[in-house]
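Trainee: This is the content of my_file.csv (CSV, C-alpha atoms and all ligand atoms):
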chain,number,residue,atom,x,y,z
A,1,MET,CA,92.7,-37.5,19.1
A,2,ASN,CA,90.9,-37.8,22.4
A,3,ALA,CA,92.0,-34.3,23.1
A,4,ASN,CA,90.1,-33.2,20.0
A,5,LEU,CA,86.9,-34.9,21.2
A,6,GLU,CA,87.4,-33.3,24.6
A,7,GLN,CA,87.8,-30.0,22.9
A,8,ILE,CA,84.5,-30.4,21.0
A,9,LYS,CA,82.8,-31.4,24.3
A,10,GLN,CA,84.1,-28.2,26.0
A,11,GLU,CA,83.0,-26.2,23.0
A,12,ILE,CA,79.5,-27.5,23.2
A,13,ILE,CA,79.4,-26.9,27.0
A,14,SER,CA,80.5,-23.3,26.7
A,15,GLY,CA,78.6,-22.6,23.5
A,16,ALA,CA,75.4,-23.8,25.2
A,17,GLN,CA,75.7,-21.2,27.9
A,18,GLU,CA,75.1,-18.5,25.3
A,19,LEU,CA,71.9,-20.0,24.0
A,20,GLN,CA,68.7,-18.0,24.6
A,21,SER,CA,65.9,-19.8,23.0
A,22,ALA,CA,64.7,-23.3,21.9
A,23,ARG,CA,65.3,-22.1,18.3
A,24,GLU,CA,68.9,-21.3,19.0
A,25,VAL,CA,69.3,-24.7,20.7
A,26,TYR,CA,68.0,-26.3,17.6
A,27,GLU,CA,70.4,-24.4,15.3
A,28,PHE,CA,73.3,-25.2,17.7
A,29,LYS,CA,72.4,-28.9,17.8
A,30,LYS,CA,72.3,-29.0,14.0
A,31,LYS,CA,75.9,-27.6,13.9
A,32,TYR,CA,77.2,-30.7,15.8
A,33,LEU,CA,74.7,-33.5,15.1
A,34,ASP,CA,73.3,-32.9,11.6
A,35,GLY,CA,73.9,-36.5,10.4
A,36,LYS,CA,77.3,-36.8,8.6
A,37,ALA,CA,77.5,-33.0,8.0
A,38,GLY,CA,77.6,-32.0,11.7
A,39,LYS,CA,80.9,-31.5,13.4
A,40,ILE,CA,80.5,-34.9,15.3
A,41,GLY,CA,79.5,-36.7,12.1
A,42,LEU,CA,82.6,-35.4,10.4
A,43,LEU,CA,84.7,-36.9,13.1
A,44,MET,CA,83.6,-40.3,11.8
A,45,LYS,CA,84.9,-39.5,8.4
A,46,GLU,CA,88.3,-39.0,10.0
A,47,MET,CA,88.4,-42.7,10.8
A,48,LYS,CA,90.4,-43.5,7.7
A,49,ASN,CA,93.2,-41.3,8.8
A,50,ILE,CA,93.5,-43.0,12.2
A,51,ALA,CA,96.0,-45.7,12.8
A,52,PRO,CA,94.2,-49.1,12.6
A,53,GLU,CA,95.1,-50.0,16.2
A,54,GLU,CA,93.5,-46.8,17.5
A,55,ARG,CA,90.4,-47.0,15.4
A,56,ALA,CA,88.3,-49.0,17.9
A,57,ALA,CA,89.0,-46.6,20.8
A,58,TYR,CA,88.5,-43.6,18.5
A,59,GLY,CA,85.1,-44.9,17.2
A,60,LYS,CA,84.0,-45.6,20.8
A,61,GLY,CA,85.1,-42.1,21.8
A,62,VAL,CA,83.2,-40.4,19.0
A,63,ASN,CA,80.1,-42.5,19.7
A,64,GLU,CA,80.2,-41.6,23.4
A,65,LEU,CA,80.6,-37.9,22.5
A,66,LYS,CA,77.6,-38.2,20.2
A,67,GLU,CA,75.5,-39.9,22.9
A,68,TRP,CA,76.5,-37.4,25.4
A,69,ALA,CA,75.8,-34.4,23.1
A,70,LEU,CA,72.3,-35.8,22.2
A,71,GLU,CA,71.5,-36.2,25.9
A,72,PHE,CA,73.0,-32.8,26.9
A,73,LEU,CA,71.4,-30.8,24.1
A,74,GLY,CA,68.1,-32.7,24.4
A,75,GLU,CA,68.0,-31.8,28.1
A,76,LEU,CA,68.8,-28.2,27.3
A,77,ASP,CA,66.1,-28.1,24.6
A,78,LYS,CA,63.5,-29.3,27.2
A,79,LYS,CA,64.5,-26.7,29.7
A,80,MET,CA,64.4,-23.9,27.2
A,81,LYS,CA,61.0,-24.9,26.0
A,82,ALA,CA,59.7,-25.1,29.5
A,83,LYS,CA,61.1,-21.6,30.2
A,84,GLU,CA,59.6,-20.2,27.1
A,85,LEU,CA,56.2,-21.6,28.0
A,86,GLN,CA,56.5,-20.2,31.5
A,87,ASP,CA,57.5,-16.7,30.1
A,88,LYS,CA,54.4,-16.9,27.8
A,89,TYR,CA,52.2,-17.7,30.7
A,90,GLU,CA,53.7,-14.8,32.7
A,91,SER,CA,53.2,-12.3,29.9
A,92,GLU,CA,49.6,-13.3,29.3
A,93,LYS,CA,48.7,-13.5,32.9
A,94,ILE,CA,45.5,-11.5,33.8
A,95,ASP,CA,44.9,-10.3,37.3
A,96,ILE,CA,41.2,-11.1,37.7
A,97,THR,CA,41.1,-9.4,41.0
A,98,LEU,CA,41.7,-6.0,39.5
A,99,PRO,CA,38.6,-3.7,39.3
A,100,ALA,CA,37.3,-3.7,35.7
A,101,GLU,CA,37.6,-0.5,33.7
A,102,THR,CA,34.1,0.9,33.2
A,103,VAL,CA,33.1,1.4,29.6
A,104,LYS,CA,31.2,4.6,29.1
A,105,GLU,CA,27.9,4.2,27.4
A,106,GLY,CA,26.8,6.8,24.8
A,107,ASN,CA,23.5,8.5,25.0
A,108,LEU,CA,21.3,10.4,22.6
A,109,HIS,CA,21.6,14.2,22.9
A,110,PRO,CA,18.8,15.8,24.9
A,111,ILE,CA,17.7,17.7,21.7
A,112,THR,CA,17.5,14.5,19.8
A,113,LEU,CA,15.5,12.9,22.7
A,114,VAL,CA,13.1,15.8,22.8
A,115,ARG,CA,12.8,15.9,19.0
A,116,ASN,CA,12.0,12.1,19.0
A,117,GLU,CA,9.5,12.5,21.8
A,118,ILE,CA,7.6,15.3,20.0
A,119,ILE,CA,7.6,13.3,16.8
A,120,ASP,CA,6.3,10.2,18.7
A,121,ILE,CA,3.5,12.1,20.3
A,122,PHE,CA,2.3,13.7,17.0
A,123,SER,CA,2.8,10.5,15.0
A,124,SER,CA,0.4,8.8,17.4
A,125,MET,CA,-2.2,11.4,16.4
A,126,GLY,CA,-1.6,10.6,12.7
A,127,PHE,CA,0.9,13.2,11.6
A,128,GLU,CA,3.4,12.4,8.9
A,129,ILE,CA,6.9,13.8,8.7
A,130,PHE,CA,8.0,16.2,6.0
A,131,GLU,CA,11.5,17.6,6.0
A,132,GLY,CA,12.0,20.7,3.9
A,133,PRO,CA,15.3,22.2,2.7
A,134,GLU,CA,17.4,24.4,5.0
A,135,ILE,CA,18.3,26.8,2.1
A,136,GLU,CA,15.1,28.4,0.9
A,137,THR,CA,14.0,31.0,-1.5
A,138,ASP,CA,12.5,34.2,-0.1
A,139,TYR,CA,9.2,33.1,-1.6
A,140,TYR,CA,8.8,30.0,0.5
A,141,ASN,CA,10.2,31.4,3.7
A,142,PHE,CA,8.3,34.7,3.6
A,143,THR,CA,6.2,35.8,0.6
A,144,ALA,CA,4.0,32.7,0.2
A,145,LEU,CA,3.5,32.8,4.0
A,146,ASN,CA,1.8,36.2,3.6
A,147,THR,CA,4.9,38.1,4.5
A,148,PRO,CA,5.8,40.1,1.3
A,149,GLN,CA,8.8,42.4,0.9
A,150,ASP,CA,8.7,45.4,3.3
A,151,HIS,CA,6.2,43.6,5.5
A,152,PRO,CA,7.0,44.7,9.1
A,153,ALA,CA,6.8,41.1,10.3
A,154,ARG,CA,10.0,40.4,8.5
A,155,ASP,CA,11.8,42.3,11.2
A,156,MET,CA,10.7,39.7,13.7
A,157,GLN,CA,13.2,37.3,12.2
A,158,ASP,CA,16.7,38.6,11.5
A,159,THR,CA,17.5,36.7,8.3
A,160,PHE,CA,20.8,35.4,6.9
A,161,TYR,CA,20.6,36.1,3.2
A,162,LEU,CA,22.8,34.1,0.8
A,163,ALA,CA,21.7,36.1,-2.3
A,164,PRO,CA,18.8,38.5,-2.7
A,165,GLU,CA,16.3,35.7,-3.4
A,166,LEU,CA,18.1,32.9,-1.4
A,167,LEU,CA,18.3,32.6,2.4
A,168,LEU,CA,18.8,30.2,5.3
A,169,ARG,CA,15.2,29.4,6.4
A,170,THR,CA,14.2,31.3,9.5
A,171,GLN,CA,11.3,29.1,10.2
A,172,THR,CA,10.1,25.6,9.4
A,173,SER,CA,6.8,27.2,8.4
A,174,ALA,CA,8.3,27.3,4.9
A,175,GLY,CA,7.6,23.5,4.8
A,176,GLN,CA,3.9,24.2,4.9
A,177,ILE,CA,4.1,25.8,1.4
A,178,HIS,CA,6.1,22.9,-0.1
A,179,VAL,CA,3.5,20.4,1.2
A,180,MET,CA,0.3,22.4,0.3
A,181,GLU,CA,1.7,23.1,-3.2
A,182,LYS,CA,2.0,19.4,-3.9
A,183,GLN,CA,-0.9,18.0,-2.0
A,184,GLN,CA,-4.6,18.7,-1.7
A,185,PRO,CA,-6.3,18.2,1.8
A,186,PRO,CA,-6.6,16.3,3.9
A,187,ILE,CA,-3.1,17.2,5.1
A,188,LYS,CA,-1.6,16.4,8.5
A,189,ILE,CA,2.2,16.9,8.6
A,190,LEU,CA,4.9,17.6,11.1
A,191,SER,CA,8.0,19.2,9.8
A,192,PRO,CA,11.1,19.2,12.0
A,193,GLY,CA,14.4,20.9,11.1
A,194,LYS,CA,17.1,23.5,11.7
A,195,VAL,CA,16.4,27.1,11.3
A,196,PHE,CA,18.7,30.1,11.3
A,197,ARG,CA,18.5,33.7,12.6
A,198,SER,CA,21.0,36.4,13.3
A,199,ASP,CA,20.3,36.2,17.0
A,200,ASP,CA,22.6,35.3,19.9
A,201,ASP,CA,22.0,35.5,23.6
A,202,ALA,CA,21.3,33.3,26.6
A,203,THR,CA,18.0,32.0,25.2
A,204,HIS,CA,18.7,32.5,21.5
A,205,SER,CA,21.2,30.8,19.1
A,206,PRO,CA,21.9,31.6,15.4
A,207,MET,CA,20.9,28.0,14.7
A,208,PHE,CA,18.1,26.2,16.5
A,209,MET,CA,15.4,23.6,15.7
A,210,GLN,CA,11.7,23.9,15.2
A,211,MET,CA,8.9,21.5,14.7
A,212,GLU,CA,6.1,22.8,12.4
A,213,GLY,CA,2.6,21.3,12.5
A,214,LEU,CA,0.0,21.7,9.8
A,215,VAL,CA,-3.5,20.2,9.5
A,216,VAL,CA,-5.7,21.2,6.6
A,217,ASP,CA,-9.2,19.7,6.1
A,218,LYS,CA,-12.8,20.6,6.1
A,219,GLY,CA,-14.0,22.3,9.2
A,220,ILE,CA,-10.7,22.7,11.1
A,221,THR,CA,-11.0,25.2,14.0
A,222,LEU,CA,-9.0,26.6,16.9
A,223,CYS,CA,-10.7,23.9,19.1
A,224,ASP,CA,-8.8,21.2,17.1
A,225,LEU,CA,-5.6,23.1,17.7
A,226,GLN,CA,-6.1,23.3,21.5
A,227,GLY,CA,-7.3,19.7,21.7
A,228,MET,CA,-4.2,18.5,20.1
A,229,LEU,CA,-1.9,20.7,22.1
A,230,ASP,CA,-3.6,19.6,25.4
A,231,GLU,CA,-2.8,16.1,24.4
A,232,PHE,CA,0.8,17.1,23.6
A,233,VAL,CA,1.6,19.0,26.8
A,234,GLY,CA,0.1,16.2,28.9
A,235,LYS,CA,2.4,13.7,27.3
A,236,ILE,CA,5.6,15.8,27.2
A,237,TYR,CA,5.3,17.8,30.5
A,238,GLY,CA,3.2,15.5,32.5
A,239,GLU,CA,-0.5,14.5,32.9
A,240,GLY,CA,-2.8,17.3,34.0
A,241,THR,CA,-0.8,20.0,32.2
A,242,LYS,CA,-3.3,22.3,30.4
A,243,THR,CA,-3.0,24.9,27.6
A,244,ARG,CA,-4.2,28.4,27.4
A,245,LEU,CA,-4.4,30.5,24.2
A,246,ARG,CA,-3.6,34.2,24.0
A,247,PRO,CA,-4.2,36.4,21.0
A,248,SER,CA,-1.1,37.1,19.0
A,249,TYR,CA,0.1,38.0,15.5
A,250,PHE,CA,1.7,36.0,12.8
A,251,PRO,CA,1.2,36.9,9.1
A,252,PHE,CA,0.4,33.3,8.1
A,253,THR,CA,-2.3,32.7,10.7
A,254,GLU,CA,-5.6,34.5,11.3
A,255,PRO,CA,-6.5,34.4,14.1
A,256,SER,CA,-3.0,33.8,15.6
A,257,VAL,CA,-2.3,32.6,19.1
A,258,GLU,CA,0.5,32.3,21.6
A,259,VAL,CA,0.1,29.0,23.5
A,260,ASP,CA,1.0,28.8,27.2
A,261,CYS,CA,0.9,25.6,29.3
A,262,SER,CA,0.1,25.5,33.0
A,263,CYS,CA,3.4,25.4,35.0
A,264,PHE,CA,4.4,21.8,35.4
A,265,GLU,CA,6.9,22.8,38.1
A,266,CYS,CA,4.4,24.4,40.6
A,267,GLY,CA,1.1,23.2,39.1
A,268,GLY,CA,0.0,26.9,38.6
A,269,THR,CA,0.6,28.4,42.0
A,270,GLY,CA,3.6,30.5,40.8
A,271,CYS,CA,7.3,29.7,40.9
A,272,LYS,CA,10.7,30.7,39.5
A,273,LEU,CA,10.2,28.7,36.3
A,274,CYS,CA,6.8,30.4,35.4
A,275,LYS,CA,8.0,33.7,36.9
A,276,GLY,CA,5.2,33.6,39.4
A,277,THR,CA,2.4,33.6,36.7
A,278,GLY,CA,1.5,29.9,36.8
A,279,TRP,CA,1.8,29.8,33.0
A,280,ILE,CA,4.7,29.1,30.6
A,281,GLU,CA,4.8,30.2,26.9
A,282,ILE,CA,5.5,27.2,24.8
A,283,LEU,CA,4.7,27.9,21.1
A,284,GLY,CA,2.9,29.9,18.5
A,285,GLY,CA,0.1,28.8,16.3
A,286,GLY,CA,-3.3,29.7,14.8
A,287,ILE,CA,-5.7,29.1,11.9
A,288,VAL,CA,-3.9,29.1,8.6
A,289,ASN,CA,-4.5,32.5,6.9
A,290,ASN,CA,-6.8,32.1,3.8
A,291,LYS,CA,-4.3,33.9,1.8
A,292,VAL,CA,-1.7,31.2,2.5
A,293,LEU,CA,-4.1,28.5,1.4
A,294,GLU,CA,-5.0,30.4,-1.8
A,295,ASN,CA,-1.2,31.0,-2.5
A,296,CYS,CA,-0.9,27.2,-2.6
A,297,GLY,CA,-4.0,26.6,-4.7
A,298,ILE,CA,-6.2,25.3,-1.9
A,299,ASP,CA,-9.8,26.5,-1.9
A,300,SER,CA,-10.3,28.4,1.4
A,301,SER,CA,-14.1,28.4,1.0
A,302,VAL,CA,-14.0,24.6,1.3
A,303,TYR,CA,-11.0,24.0,3.6
A,304,SER,CA,-9.4,25.5,6.6
A,305,GLY,CA,-6.3,24.7,8.5
A,306,LEU,CA,-4.4,24.9,11.7
A,307,ALA,CA,-0.7,25.4,12.2
A,308,PHE,CA,1.8,25.6,15.0
A,309,GLY,CA,5.5,26.0,15.5
A,310,ILE,CA,7.4,24.5,18.4
A,311,GLY,CA,11.0,25.5,19.4
A,312,ILE,CA,12.8,22.2,20.2
A,313,GLU,CA,15.6,23.8,22.2
A,314,ARG,CA,13.0,25.8,24.2
A,315,THR,CA,11.1,22.6,24.9
A,316,ALA,CA,14.3,20.9,26.0
A,317,MET,CA,15.3,23.8,28.2
A,318,LEU,CA,11.9,23.8,29.9
A,319,LYS,CA,11.9,20.0,30.3
A,320,TYR,CA,15.4,19.9,31.7
A,321,GLY,CA,15.4,23.2,33.6
A,322,ILE,CA,18.2,24.8,31.6
A,323,ASN,CA,18.4,28.6,31.4
A,324,ASN,CA,21.2,28.9,28.9
A,325,ILE,CA,20.7,27.5,25.4
A,326,LYS,CA,24.5,27.3,24.9
A,327,MET,CA,24.5,24.4,27.3
A,328,LEU,CA,22.8,22.4,24.7
A,329,PHE,CA,25.4,23.1,22.0
A,330,GLU,CA,28.6,22.9,24.0
A,331,SER,CA,28.6,19.1,24.1
A,332,ASP,CA,30.1,19.0,27.6
A,333,ILE,CA,29.7,15.4,28.5
A,334,LYS,CA,29.4,16.2,32.3
A,335,VAL,CA,26.4,18.4,31.6
A,336,LEU,CA,24.8,16.1,29.0
A,337,ASP,CA,25.1,13.1,31.5
A,338,GLN,CA,23.3,15.1,34.1
A,339,LEU,CA,20.5,15.9,31.6
A,340,ASN,CA,20.3,12.2,30.6
A,341,ASP,CA,19.8,11.2,34.3
A,342,LYS,CA,16.6,13.3,34.5
B,1,LIG,N1,7.2,30.4,12.5
B,1,LIG,C1,6.9,31.0,13.7
B,1,LIG,C2,8.2,31.4,14.3
B,1,LIG,O1,9.2,30.9,14.0
B,1,LIG,C3,6.3,30.0,14.7
B,1,LIG,C4,4.9,29.7,14.3
B,1,LIG,C5,3.8,30.5,14.7
B,1,LIG,C6,4.6,28.7,13.4
B,1,LIG,C7,2.6,30.3,14.3
B,1,LIG,C8,3.3,28.5,13.0
B,1,LIG,C9,2.3,29.3,13.5
B,1,LIG,O2,2.9,27.5,12.2
B,1,LIG,O3,1.0,29.1,13.1
B,1,LIG,O4,8.3,32.3,15.2
Mind turning this structure into structure tokens?
Mentor:
Amino acid sequence: MNANLEQIKQEIISGAQELQSAREVYEFKKKYLDGKAGKIGLLMKEMKNIAPEERAAYGKGVNELKEWALEFLGELDKKMKAKELQDKYESEKIDITLPAETVKEGNLHPITLVRNEIIDIFSSMGFEIFEGPEIETDYYNFTALNTPQDHPARDMQDTFYLAPELLLRTQTSAGQIHVMEKQQPPIKILSPGKVFRSDDDATHSPMFMQMEGLVVDKGITLCDLQGMLDEFVGKIYGEGTKTRLRPSYFPFTEPSVEVDCSCFECGGTGCKLCKGTGWIEILGGGIVNNKVLENCGIDSSVYSGLAFGIGIERTAMLKYGINNIKMLFESDIKVLDQLNDK
């Protein structure tokens, strides 16, 4: 019988060597020491088959084996738990001396920044925002703006037609008509948005953004336009920047002007940016043609208006010194980061 007890002891010793985790130690322990159902518990049940004179020695042997197994497996359980804790610490260890990975911060796109800046400047002068549709009828984009079919000015803007009467707007000026049709003066709106033209080179893109301005009230003159634009260029290109008006032609304004600002790079002495002239062309504008007011049901003998259209990409290109409009659309993070640093 003692040989049997010794065999179980050896079985526990060699079986214990295979155990990998505290969970396995627990299961293994249960196999031997689970009350009367464990292998050692069952040994006690054998008592009745033992010769009476050997029973005392047998019982003592089983008890000793049980004590030993409890001690041995208890010890193993402790070691295993300590090892598991250590492994957990190792795997979760952080090297706080490692340099931290830098998280790249996002930025607003330069076009958005310039757009927001222009809106801020004109909002501070009391302009409200109106956003018209990108798909327009021929009427809103051209005819109501005093540019009927066959008008030579239509050639100035190469148009994407969707249907004979439907097109992608070529100018935010179309927004003027929407506003004036619905509202009687006083009107003071700013209309930002995308416009589309079949045009593609270093300074033109088939899609770009404009910002239209319109003021209609009693007694509005070109002086009001220049006063507002002086304020605008001073804020966007730097204090002291002035404007100059040159005669031009747009069907929807009479008189029409091309607006230049004094070169903010050289201060007017002549440089590469202003091509030696001291002036940079920045936008078109004028006094709203009476025909346009009348087309919208506004009495031109009582009211007059001023209008202007600013190219947002052009403004951004001037501000950031970019000579290719594509740089603004390619979304090259390296380029955009440099622009954001300015
Ligand atoms: N719509 C013109 C263009 O896209 C720009 C413009 C010129 C707008 C004169 C105006 C204006 O409101 O008065 O070329």
Trainee: Quick check, in Å to one decimal: how far apart do atom CA of A:Glu212 and atom CA of A:His178 lie?
Mentor: 12.5 Å
Trainee: For chain A against ligand LIG 1 (chain B), with a cut-off of 9 Å and counting only C-alpha atoms and all ligand atoms, what is the closest atom pair and its distance in Å to one decimal for every residue that makes the cut, ordered by chain and number, as JSON lines?
Mentor:
{"residue": "A:Met156", "atom": "CA", "partner": "B:LIG1", "partner_atom": "O4", "distance": 7.9}
{"residue": "A:Gln157", "atom": "CA", "partner": "B:LIG1", "partner_atom": "O4", "distance": 7.6}
{"residue": "A:Thr170", "atom": "CA", "partner": "B:LIG1", "partner_atom": "O1", "distance": 6.7}
{"residue": "A:Gln171", "atom": "CA", "partner": "B:LIG1", "partner_atom": "O1", "distance": 4.7}
{"residue": "A:Thr172", "atom": "CA", "partner": "B:LIG1", "partner_atom": "N1", "distance": 6.4}
{"residue": "A:Ser173", "atom": "CA", "partner": "B:LIG1", "partner_atom": "N1", "distance": 5.2}
{"residue": "A:Ala174", "atom": "CA", "partner": "B:LIG1", "partner_atom": "N1", "distance": 8.3}
{"residue": "A:Gln176", "atom": "CA", "partner": "B:LIG1", "partner_atom": "O2", "distance": 8.1}
{"residue": "A:Val195", "atom": "CA", "partner": "B:LIG1", "partner_atom": "O1", "distance": 8.6}
{"residue": "A:Gln210", "atom": "CA", "partner": "B:LIG1", "partner_atom": "O1", "distance": 7.5}
{"residue": "A:Met211", "atom": "CA", "partner": "B:LIG1", "partner_atom": "C6", "distance": 8.5}
{"residue": "A:Glu212", "atom": "CA", "partner": "B:LIG1", "partner_atom": "O2", "distance": 5.7}
{"residue": "A:Gly213", "atom": "CA", "partner": "B:LIG1", "partner_atom": "O2", "distance": 6.2}
{"residue": "A:Leu214", "atom": "CA", "partner": "B:LIG1", "partner_atom": "O2", "distance": 6.9}
{"residue": "A:Tyr249", "atom": "CA", "partner": "B:LIG1", "partner_atom": "C7", "distance": 8.2}
{"residue": "A:Phe250", "atom": "CA", "partner": "B:LIG1", "partner_atom": "C7", "distance": 6.0}
{"residue": "A:Pro251", "atom": "CA", "partner": "B:LIG1", "partner_atom": "C7", "distance": 8.5}
{"residue": "A:Phe252", "atom": "CA", "partner": "B:LIG1", "partner_atom": "O3", "distance": 6.6}
{"residue": "A:Thr253", "atom": "CA", "partner": "B:LIG1", "partner_atom": "O3", "distance": 5.4}
{"residue": "A:Glu254", "atom": "CA", "partner": "B:LIG1", "partner_atom": "O3", "distance": 8.7}
{"residue": "A:Ser256", "atom": "CA", "partner": "B:LIG1", "partner_atom": "O3", "distance": 6.7}
{"residue": "A:Val257", "atom": "CA", "partner": "B:LIG1", "partner_atom": "C7", "distance": 7.2}
{"residue": "A:Glu258", "atom": "CA", "partner": "B:LIG1", "partner_atom": "C7", "distance": 7.9}
{"residue": "A:Leu283", "atom": "CA", "partner": "B:LIG1", "partner_atom": "C3", "distance": 6.9}
{"residue": "A:Gly284", "atom": "CA", "partner": "B:LIG1", "partner_atom": "C5", "distance": 4.0}
{"residue": "A:Gly285", "atom": "CA", "partner": "B:LIG1", "partner_atom": "O3", "distance": 3.3}
{"residue": "A:Gly286", "atom": "CA", "partner": "B:LIG1", "partner_atom": "O3", "distance": 4.7}
{"residue": "A:Ile287", "atom": "CA", "partner": "B:LIG1", "partner_atom": "O3", "distance": 6.8}
{"residue": "A:Val288", "atom": "CA", "partner": "B:LIG1", "partner_atom": "O3", "distance": 6.7}
{"residue": "A:Asn289", "atom": "CA", "partner": "B:LIG1", "partner_atom": "O3", "distance": 9.0}
{"residue": "A:Leu306", "atom": "CA", "partner": "B:LIG1", "partner_atom": "O3", "distance": 7.0}
{"residue": "A:Ala307", "atom": "CA", "partner": "B:LIG1", "partner_atom": "O2", "distance": 4.2}
{"residue": "A:Phe308", "atom": "CA", "partner": "B:LIG1", "partner_atom": "O2", "distance": 3.6}
{"residue": "A:Gly309", "atom": "CA", "partner": "B:LIG1", "partner_atom": "C6", "distance": 3.5}
{"residue": "A:Ile310", "atom": "CA", "partner": "B:LIG1", "partner_atom": "C3", "distance": 6.7}
{"residue": "A:Gly311", "atom": "CA", "partner": "B:LIG1", "partner_atom": "O1", "distance": 7.8}
Trainee: Write the residues of the preceding selection, restricted to C-alpha atoms, as a compact mmCIF listing (two decimals), keeping the file's coordinate frame.
Mentor:
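The file below, out38.txt, is the result:
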# COMPACT_ATOMS: atom_id res chain seq x y z
CA MET A 156 10.70 39.70 13.70
CA GLN A 157 13.20 37.30 12.20
CA THR A 170 14.20 31.30 9.50
CA GLN A 171 11.30 29.10 10.20
CA THR A 172 10.10 25.60 9.40
CA SER A 173 6.80 27.20 8.40
CA ALA A 174 8.30 27.30 4.90
CA GLN A 176 3.90 24.20 4.90
CA VAL A 195 16.40 27.10 11.30
CA GLN A 210 11.70 23.90 15.20
CA MET A 211 8.90 21.50 14.70
CA GLU A 212 6.10 22.80 12.40
CA GLY A 213 2.60 21.30 12.50
CA LEU A 214 0.00 21.70 9.80
CA TYR A 249 0.10 38.00 15.50
CA PHE A 250 1.70 36.00 12.80
CA PRO A 251 1.20 36.90 9.10
CA PHE A 252 0.40 33.30 8.10
CA THR A 253 -2.30 32.70 10.70
CA GLU A 254 -5.60 34.50 11.30
CA SER A 256 -3.00 33.80 15.60
CA VAL A 257 -2.30 32.60 19.10
CA GLU A 258 0.50 32.30 21.60
CA LEU A 283 4.70 27.90 21.10
CA GLY A 284 2.90 29.90 18.50
CA GLY A 285 0.10 28.80 16.30
CA GLY A 286 -3.30 29.70 14.80
CA ILE A 287 -5.70 29.10 11.90
CA VAL A 288 -3.90 29.10 8.60
CA ASN A 289 -4.50 32.50 6.90
CA LEU A 306 -4.40 24.90 11.70
CA ALA A 307 -0.70 25.40 12.20
CA PHE A 308 1.80 25.60 15.00
CA GLY A 309 5.50 26.00 15.50
CA ILE A 310 7.40 24.50 18.40
CA GLY A 311 11.00 25.50 19.40
Trainee: In Å, how far is it from atom CA of A:Lys29 to atom CA of A:Leu73?
Mentor: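 Separation between atom CA of A:Lys29 and atom CA of A:Leu73: 6.7 Å.
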Trainee: Hey, what's within 12 Å of stretch 201-203 of chain A if we count only C-alpha atoms and toss same-chain stuff fewer than 5 positions away? As an mmCIF file with C-alpha atoms, in the coordinates of the input, please?
Mentor:
data_model
loop_
_atom_site.group_PDB
_atom_site.id
_atom_site.type_symbol
_atom_site.label_atom_id
_atom_site.label_comp_id
_atom_site.auth_asym_id
_atom_site.auth_seq_id
_atom_site.Cartn_x
_atom_site.Cartn_y
_atom_site.Cartn_z
ATOM 1 C CA PHE A 208 18.100 26.200 16.500
ATOM 2 C CA GLY A 311 11.000 25.500 19.400
ATOM 3 C CA GLU A 313 15.600 23.800 22.200
ATOM 4 C CA ARG A 314 13.000 25.800 24.200
ATOM 5 C CA THR A 315 11.100 22.600 24.900
ATOM 6 C CA ALA A 316 14.300 20.900 26.000
ATOM 7 C CA MET A 317 15.300 23.800 28.200
ATOM 8 C CA LEU A 318 11.900 23.800 29.900
ATOM 9 C CA ILE A 322 18.200 24.800 31.600
ATOM 10 C CA ASN A 323 18.400 28.600 31.400
ATOM 11 C CA ASN A 324 21.200 28.900 28.900
ATOM 12 C CA ILE A 325 20.700 27.500 25.400
ATOM 13 C CA LYS A 326 24.500 27.300 24.900
ATOM 14 C CA MET A 327 24.500 24.400 27.300
ATOM 15 C CA LEU A 328 22.800 22.400 24.700
ATOM 16 C CA PHE A 329 25.400 23.100 22.000
#
Trainee: Between A:Val179, A:Leu166, A:Val302, A:Ile236, single out the one closest to A:Ile220, counting all atoms listed in the file.
Mentor: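 Comparing A:Val179, A:Leu166, A:Val302, A:Ile236 against A:Ile220, the winner is A:Val302.
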Trainee: Give me stretch 318-325 of chain A from this structure - N, CA and C atoms, as a compact mmCIF listing (two decimals), in the first residue's frame.
Mentor:
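Written out: selection-v1.txt:
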# COMPACT_ATOMS: atom_id res chain seq x y z
N LEU A 318 -2.39 85.60 -53.64
CA LEU A 318 -1.66 86.85 -53.39
C LEU A 318 -1.15 86.89 -51.96
N LYS A 319 -2.02 86.52 -51.04
CA LYS A 319 -1.67 86.58 -49.62
C LYS A 319 -0.52 85.64 -49.27
N TYR A 320 -0.54 84.43 -49.88
CA TYR A 320 0.49 83.43 -49.54
C TYR A 320 1.63 83.37 -50.55
N GLY A 321 1.57 84.22 -51.57
CA GLY A 321 2.65 84.22 -52.56
C GLY A 321 2.72 82.94 -53.38
N ILE A 322 1.57 82.41 -53.79
CA ILE A 322 1.53 81.19 -54.59
C ILE A 322 1.31 81.59 -56.05
N ASN A 323 2.05 80.99 -56.99
CA ASN A 323 1.80 81.38 -58.38
C ASN A 323 1.08 80.31 -59.19
N ASN A 324 0.81 79.16 -58.57
CA ASN A 324 0.04 78.14 -59.29
C ASN A 324 -1.19 77.74 -58.47
N ILE A 325 -2.36 77.99 -59.04
CA ILE A 325 -3.62 77.74 -58.31
C ILE A 325 -3.76 76.26 -57.91
